[in-house]
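Chemist: My structure is below; once you've seen it, I'll send some questions.
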Amino acid sequence: MDVLHCFAPGRVELLGNHTDYNGGYVLSAAIQQGVRVSGFRRDDGVIRLSTLFGGENHRREVSFEEVFVKSGDWSDYPLGVLEVLRNNRHSLGAFDAVYDSDLPSGAGLSSSAALEVSTILLLSKLFGFSLSGMDLAKLCSYAENQFVGVQCGILDQVSSLFGKRDHALFLDCLREKVRLVSFPHDMSLLIVQCGVPHALVDGVYNARRLQCSEAARQLGVDFLRDADMTQLEKSRLPDLERRRAAHIIGENDRVLRGVEFLESGNMADFGRLMTTSHESSRVNFENSTPELDLLVSIATSTKGVLGARLTGGGFGGAIVVLVSREDRHQAGNLIASEYERRSGHQSHVMECDLADGALIENGFVS
């Protein structure tokens, strides 16, 4: 029995909130935490999926021949990938897969995409098909769209596949192009969880996508990426669609400026863009929460911190904090203790390194 091992990292979104499905720009990075899977082929027609998440063993078994049905738990993500591959006529079969993770679920770090990416890498190796990194990312996003039911873009999967150590990823979602941008060695990132997990399958994510689509339609563009603030100000959009569009248009501009600041080493202005991004999430996109707002307020008042914002879909989860490397330990402790004092919630702080992307055995995907 040949057992294969794959790893797919989570990701942190630095700038570009909800811009991916609007054909826009995103600045993200893979992180060192992620999902690991070990698997082998079976000849009995049974697919067996198991997890070691949280120290407990959770298992789901299905027949390879049956029509998969959503169960509403973690297993929907790997089964969704398998369903999309079958629909695209890839030659597959039964297999056994065991997943483990040091990536917290519900924190906005894309544990779902890491599950999908690790699964598709395992299956590509077990059953001998080869696809480009971008095609792998798109198939994983289809699994989340069509099977799980979250109408996400390709940001999370691309970040997990294309990450590189000490680099951010600049993604043009419409043209499906990725460019690496060096991240300064004297800066660090903290992920601070608010203690309230987010859940994007309850409809709020999909509702935001519909609102953005309606705003683009009324502005006469295919995607909000094609609109600008002058066009928005001259329009007669209702208040809700106007604010949704203002967030996306502003985020695209912040990503483009953020890339320039990274490349020039202007991290003070980069940090200010992050904090401005969060304020737009709070006011215009309404995907923040009081807990996330409090964390951002505390973080931006802490020594060594240059900026902070929610990361990921929002509606709970975590914030990302840009902090000088020398201050990161003390800053993390101060933010966590002050947040617990003022909110009553315990927060978990992760010190984040920008990491390489997904692995099959000892090789990178490209």
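Lettering and numbering for the structure tokens are positional, with chains as A, B, ... in the shown order, residues counted from 1 in each chain, and ligands counted from 1 in the shown order.
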List as a ChimeraX atom specification the protein and nucleic acid residues near Arg342 (chain A), meaning an atom at most 10 Å away when only C-alpha atoms are counted, but skip any in the same chain fewer than 2 places from it.
Modeler: /A:291,294-295,298,337-340,344-345
Chemist: Give me a file of those residues, with N, CA and C atoms, as a tab-separated table (two decimals), in the first residue's frame.
Modeler:
chain	number	residue	atom	x	y	z
A	291	GLU	N	-17.13	42.72	17.85
A	291	GLU	CA	-15.92	42.10	18.38
A	291	GLU	C	-14.72	42.41	17.49
A	294	LEU	N	-13.74	46.04	17.91
A	294	LEU	CA	-13.02	46.28	19.16
A	294	LEU	C	-11.57	45.81	19.03
A	295	LEU	N	-11.36	44.67	18.43
A	295	LEU	CA	-9.99	44.17	18.25
A	295	LEU	C	-9.15	45.13	17.41
A	298	ILE	N	-8.27	48.19	19.53
A	298	ILE	CA	-7.22	47.89	20.51
A	298	ILE	C	-5.88	47.73	19.81
A	337	SER	N	-5.01	40.44	26.10
A	337	SER	CA	-5.44	40.72	27.47
A	337	SER	C	-6.43	41.87	27.52
A	338	GLU	N	-6.20	42.92	26.73
A	338	GLU	CA	-7.12	44.06	26.73
A	338	GLU	C	-8.46	43.68	26.12
A	339	TYR	N	-8.44	42.85	25.09
A	339	TYR	CA	-9.70	42.41	24.46
A	339	TYR	C	-10.52	41.59	25.45
A	340	GLU	N	-9.88	40.68	26.17
A	340	GLU	CA	-10.62	39.88	27.14
A	340	GLU	C	-11.19	40.76	28.25
A	344	GLY	N	-14.91	40.27	27.45
A	344	GLY	CA	-15.27	39.03	28.11
A	344	GLY	C	-14.96	37.80	27.27
A	345	HIS	N	-14.53	38.00	26.01
A	345	HIS	CA	-14.17	36.89	25.12
A	345	HIS	C	-12.67	36.63	25.19
Chemist: For the alpha helix (DSSP H) assignment from backbone DSSP, which residues of region 94-217 of chain A qualify? Please present them as a compact mmCIF listing (two decimals) with N, CA and C atoms, in the first residue's frame.
Modeler:
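Wrote it out as states-v7.txt, contents follow:
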# COMPACT_ATOMS: atom_id res chain seq x y z
N SER A 111 -9.74 27.57 6.07
CA SER A 111 -9.55 26.15 6.30
C SER A 111 -10.31 25.33 5.26
N SER A 112 -11.43 25.85 4.76
CA SER A 112 -12.20 25.12 3.75
C SER A 112 -11.40 24.96 2.46
N ALA A 113 -10.76 26.03 1.99
CA ALA A 113 -9.96 25.94 0.78
C ALA A 113 -8.76 25.02 0.98
N ALA A 114 -8.17 25.04 2.18
CA ALA A 114 -7.04 24.15 2.45
C ALA A 114 -7.49 22.69 2.39
N LEU A 115 -8.69 22.40 2.87
CA LEU A 115 -9.25 21.05 2.73
C LEU A 115 -9.40 20.67 1.26
N GLU A 116 -9.94 21.60 0.47
CA GLU A 116 -10.15 21.34 -0.95
C GLU A 116 -8.84 21.13 -1.69
N VAL A 117 -7.89 22.03 -1.46
CA VAL A 117 -6.61 21.95 -2.18
C VAL A 117 -5.84 20.70 -1.80
N SER A 118 -5.79 20.38 -0.52
CA SER A 118 -5.08 19.16 -0.12
C SER A 118 -5.72 17.93 -0.75
N THR A 119 -7.05 17.93 -0.86
CA THR A 119 -7.75 16.80 -1.46
C THR A 119 -7.44 16.66 -2.94
N ILE A 120 -7.49 17.77 -3.69
CA ILE A 120 -7.27 17.67 -5.14
C ILE A 120 -5.81 17.31 -5.45
N LEU A 121 -4.88 17.72 -4.61
CA LEU A 121 -3.49 17.31 -4.81
C LEU A 121 -3.33 15.82 -4.57
N LEU A 122 -3.96 15.34 -3.50
CA LEU A 122 -3.90 13.91 -3.21
C LEU A 122 -4.48 13.09 -4.36
N LEU A 123 -5.66 13.50 -4.85
CA LEU A 123 -6.32 12.75 -5.91
C LEU A 123 -5.53 12.82 -7.22
N SER A 124 -4.92 13.97 -7.50
CA SER A 124 -4.14 14.08 -8.74
C SER A 124 -2.96 13.11 -8.72
N LYS A 125 -2.39 12.90 -7.55
CA LYS A 125 -1.24 11.99 -7.45
C LYS A 125 -1.70 10.53 -7.42
N LEU A 126 -2.78 10.26 -6.69
CA LEU A 126 -3.27 8.88 -6.59
C LEU A 126 -3.75 8.34 -7.93
N PHE A 127 -4.41 9.23 -8.72
CA PHE A 127 -5.06 8.75 -9.94
C PHE A 127 -4.43 9.30 -11.22
N GLY A 133 -1.67 24.90 -11.72
CA GLY A 133 -2.09 25.41 -10.43
C GLY A 133 -3.38 26.20 -10.52
N MET A 134 -3.53 27.04 -11.56
CA MET A 134 -4.74 27.84 -11.71
C MET A 134 -5.95 26.97 -11.98
N ASP A 135 -5.80 25.92 -12.78
CA ASP A 135 -6.92 25.02 -13.03
C ASP A 135 -7.32 24.27 -11.76
N LEU A 136 -6.34 23.87 -10.96
CA LEU A 136 -6.65 23.23 -9.68
C LEU A 136 -7.44 24.17 -8.78
N ALA A 137 -7.00 25.43 -8.73
CA ALA A 137 -7.70 26.42 -7.90
C ALA A 137 -9.13 26.61 -8.36
N LYS A 138 -9.34 26.70 -9.66
CA LYS A 138 -10.69 26.92 -10.19
C LYS A 138 -11.61 25.73 -9.92
N LEU A 139 -11.09 24.51 -10.06
CA LEU A 139 -11.90 23.34 -9.75
C LEU A 139 -12.31 23.31 -8.28
N CYS A 140 -11.38 23.70 -7.40
CA CYS A 140 -11.70 23.74 -5.97
C CYS A 140 -12.76 24.80 -5.68
N SER A 141 -12.66 25.94 -6.34
CA SER A 141 -13.67 26.99 -6.12
C SER A 141 -15.02 26.54 -6.66
N TYR A 142 -15.04 25.78 -7.77
CA TYR A 142 -16.30 25.25 -8.27
C TYR A 142 -16.93 24.31 -7.26
N LEU A 155 -9.80 33.42 -4.72
CA LEU A 155 -8.73 33.94 -3.86
C LEU A 155 -8.13 32.87 -2.95
N ASP A 156 -8.97 32.19 -2.20
CA ASP A 156 -8.46 31.29 -1.16
C ASP A 156 -7.66 30.14 -1.75
N GLN A 157 -8.18 29.55 -2.80
CA GLN A 157 -7.51 28.40 -3.41
C GLN A 157 -6.21 28.82 -4.09
N VAL A 158 -6.22 29.97 -4.78
CA VAL A 158 -5.01 30.47 -5.42
C VAL A 158 -3.93 30.75 -4.37
N SER A 159 -4.33 31.38 -3.27
CA SER A 159 -3.36 31.69 -2.22
C SER A 159 -2.72 30.43 -1.65
N SER A 160 -3.54 29.39 -1.45
CA SER A 160 -3.03 28.14 -0.90
C SER A 160 -2.07 27.44 -1.87
N LEU A 161 -2.33 27.57 -3.16
CA LEU A 161 -1.51 26.88 -4.16
C LEU A 161 -0.25 27.65 -4.55
N PHE A 162 -0.34 28.98 -4.63
CA PHE A 162 0.75 29.76 -5.21
C PHE A 162 1.62 30.48 -4.19
N VAL A 204 -25.29 34.98 4.18
CA VAL A 204 -24.86 36.38 4.17
C VAL A 204 -23.79 36.64 3.12
N TYR A 205 -22.90 35.69 2.91
CA TYR A 205 -21.88 35.84 1.87
C TYR A 205 -22.54 35.92 0.50
N ASN A 206 -23.44 34.96 0.25
CA ASN A 206 -24.10 34.95 -1.05
C ASN A 206 -24.94 36.20 -1.26
N ALA A 207 -25.53 36.73 -0.19
CA ALA A 207 -26.31 37.97 -0.31
C ALA A 207 -25.42 39.13 -0.73
N ARG A 208 -24.21 39.21 -0.17
CA ARG A 208 -23.31 40.29 -0.56
C ARG A 208 -22.94 40.17 -2.04
N ARG A 209 -22.76 38.96 -2.50
CA ARG A 209 -22.42 38.77 -3.92
C ARG A 209 -23.56 39.25 -4.82
N LEU A 210 -24.78 38.95 -4.46
CA LEU A 210 -25.94 39.41 -5.24
C LEU A 210 -26.05 40.93 -5.23
N GLN A 211 -25.78 41.54 -4.08
CA GLN A 211 -25.85 43.01 -3.98
C GLN A 211 -24.79 43.67 -4.87
N CYS A 212 -23.59 43.08 -4.90
CA CYS A 212 -22.53 43.61 -5.76
C CYS A 212 -22.89 43.45 -7.23
N SER A 213 -23.46 42.31 -7.56
CA SER A 213 -23.87 42.07 -8.94
C SER A 213 -24.93 43.07 -9.38
N GLU A 214 -25.87 43.37 -8.49
CA GLU A 214 -26.91 44.34 -8.82
C GLU A 214 -26.33 45.74 -8.96
N ALA A 215 -25.37 46.09 -8.12
CA ALA A 215 -24.72 47.40 -8.23
C ALA A 215 -23.99 47.52 -9.57
N ALA A 216 -23.28 46.46 -9.98
CA ALA A 216 -22.58 46.48 -11.26
C ALA A 216 -23.57 46.63 -12.41
N ARG A 217 -24.69 45.91 -12.32
CA ARG A 217 -25.70 46.00 -13.38
C ARG A 217 -26.22 47.42 -13.53
Chemist: Give me, please, the distance in Å between CA of Thr311 (chain A) and CA of Gln231 (chain A), quoted to one decimal.
Modeler: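 We find that CA of Thr311 (chain A) and CA of Gln231 (chain A) lie 27.9 Å from each other.
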Chemist: Measuring atom to atom with only C-alpha atoms, identify which of A:Ala358, A:Val3, A:Ser324, A:His18 is nearest to Ala246 (chain A).
Modeler: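 Of A:Ala358, A:Val3, A:Ser324, A:His18, the one nearest Ala246 (chain A), counting only C-alpha atoms, is A:His18.
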Chemist: Please report the interatomic distance between CA of Val26 (chain A) and CA of Leu240 (chain A) in Å with one decimal.
Modeler: 23.0 Å
Chemist: Extract, using only C-alpha atoms, all DNA, RNA and protein residues at most 7 Å from region 84-95 of chain A, discarding same-chain residues fewer than 3 positions from it, and format them as a PyMOL selection string.
Modeler: chain A and resi 39-43+45-48+64+80-81+127+139+143
Chemist: Within 12 Å of region 188-195 of chain A, which residues of region 250-295 of chain A come that close, and what is the closest atom pair and distance in Å for each? Count only C-alpha atoms and give it as CSV.
Modeler:
residue,atom,partner,partner_atom,distance
A:Met267,CA,A:Ser188,CA,10.9
A:Gly271,CA,A:Leu189,CA,11.1
A:Ser288,CA,A:Cys194,CA,11.1
A:Thr289,CA,A:Cys194,CA,9.5
A:Pro290,CA,A:Cys194,CA,9.6
A:Glu291,CA,A:Cys194,CA,6.0
A:Leu292,CA,A:Cys194,CA,6.2
A:Asp293,CA,A:Cys194,CA,9.6
A:Leu294,CA,A:Cys194,CA,9.0
A:Leu295,CA,A:Cys194,CA,7.2
Chemist: I need the residues from that last selection saved to file as a JSON list (two decimals), in the first residue's frame (with C-alpha atoms), if you can.
Modeler:
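And here is the file that came out, again27.json:
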[["chain", "number", "residue", "atom", "x", "y", "z"],
["A", 267, "MET", "CA", 4.89, 49.98, 5.56],
["A", 271, "GLY", "CA", -0.73, 49.80, 7.54],
["A", 288, "SER", "CA", -17.62, 43.34, 10.43],
["A", 289, "THR", "CA", -18.88, 42.70, 13.98],
["A", 290, "PRO", "CA", -18.55, 44.62, 17.27],
["A", 291, "GLU", "CA", -15.92, 42.10, 18.38],
["A", 292, "LEU", "CA", -13.79, 42.60, 15.26],
["A", 293, "ASP", "CA", -14.17, 46.38, 15.55],
["A", 294, "LEU", "CA", -13.02, 46.28, 19.16],
["A", 295, "LEU", "CA", -9.99, 44.17, 18.25]]
Chemist: What's the separation between CA of Gly24 (chain A) and CA of Leu359 (chain A), in Å to one decimal place?
Modeler: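 A separation of 27.3 Å between them.
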Chemist: Can you work out which one of A:Val148, A:Ile154, A:Leu82, A:Leu174 has the shortest atom-to-atom distance to Gly23 (chain A), counting only C-alpha atoms?
Modeler: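 Going through A:Val148, A:Ile154, A:Leu82, A:Leu174 one by one, the smallest distance to Gly23 (chain A) is for A:Leu174.
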Chemist: From the list A:Ser277, A:Arg328, A:Gly10, A:Ser301, which residue is nearest Gly108 (chain A) when using only C-alpha atoms?
Modeler: A:Gly10
Chemist: Counting only C-alpha atoms, which of A:Tyr99, A:Met187, A:Val221, A:Val196 gets nearest to Val305 (chain A)?
Modeler: A:Met187
Chemist: Once DSSP has gone over the backbone, tell me which residues of region 90-222 of chain A are in strand (DSSP E or B), as a VMD selection string.
Modeler: chain A and resid 95 to 101 167 to 172 177 to 182 187 to 193
Chemist: Mind checking which residues fall within 8 Å of Tyr25 (chain A), counting only C-alpha atoms, ignoring those fewer than 5 positions away in the same chain, and posting them as a short mmCIF file (atom, residue, chain, number, x, y, z; two decimals) with C-alpha atoms, in the first residue's frame?
Modeler:
data_model
loop_
_atom_site.label_atom_id
_atom_site.label_comp_id
_atom_site.auth_asym_id
_atom_site.auth_seq_id
_atom_site.Cartn_x
_atom_site.Cartn_y
_atom_site.Cartn_z
CA GLY A 16 -8.93 43.17 -1.17
CA THR A 19 -13.08 41.75 -4.47
CA ASP A 20 -12.33 38.33 -5.98
CA PHE A 170 -1.01 39.99 -5.92
CA LEU A 171 -3.94 38.37 -7.73
CA ASP A 172 -5.80 39.83 -10.69
CA CYS A 173 -8.97 37.78 -10.42
CA ASN A 252 -9.41 47.56 -5.55
CA VAL A 255 -4.77 46.81 -3.28
CA LEU A 256 -3.04 48.61 -6.15
#
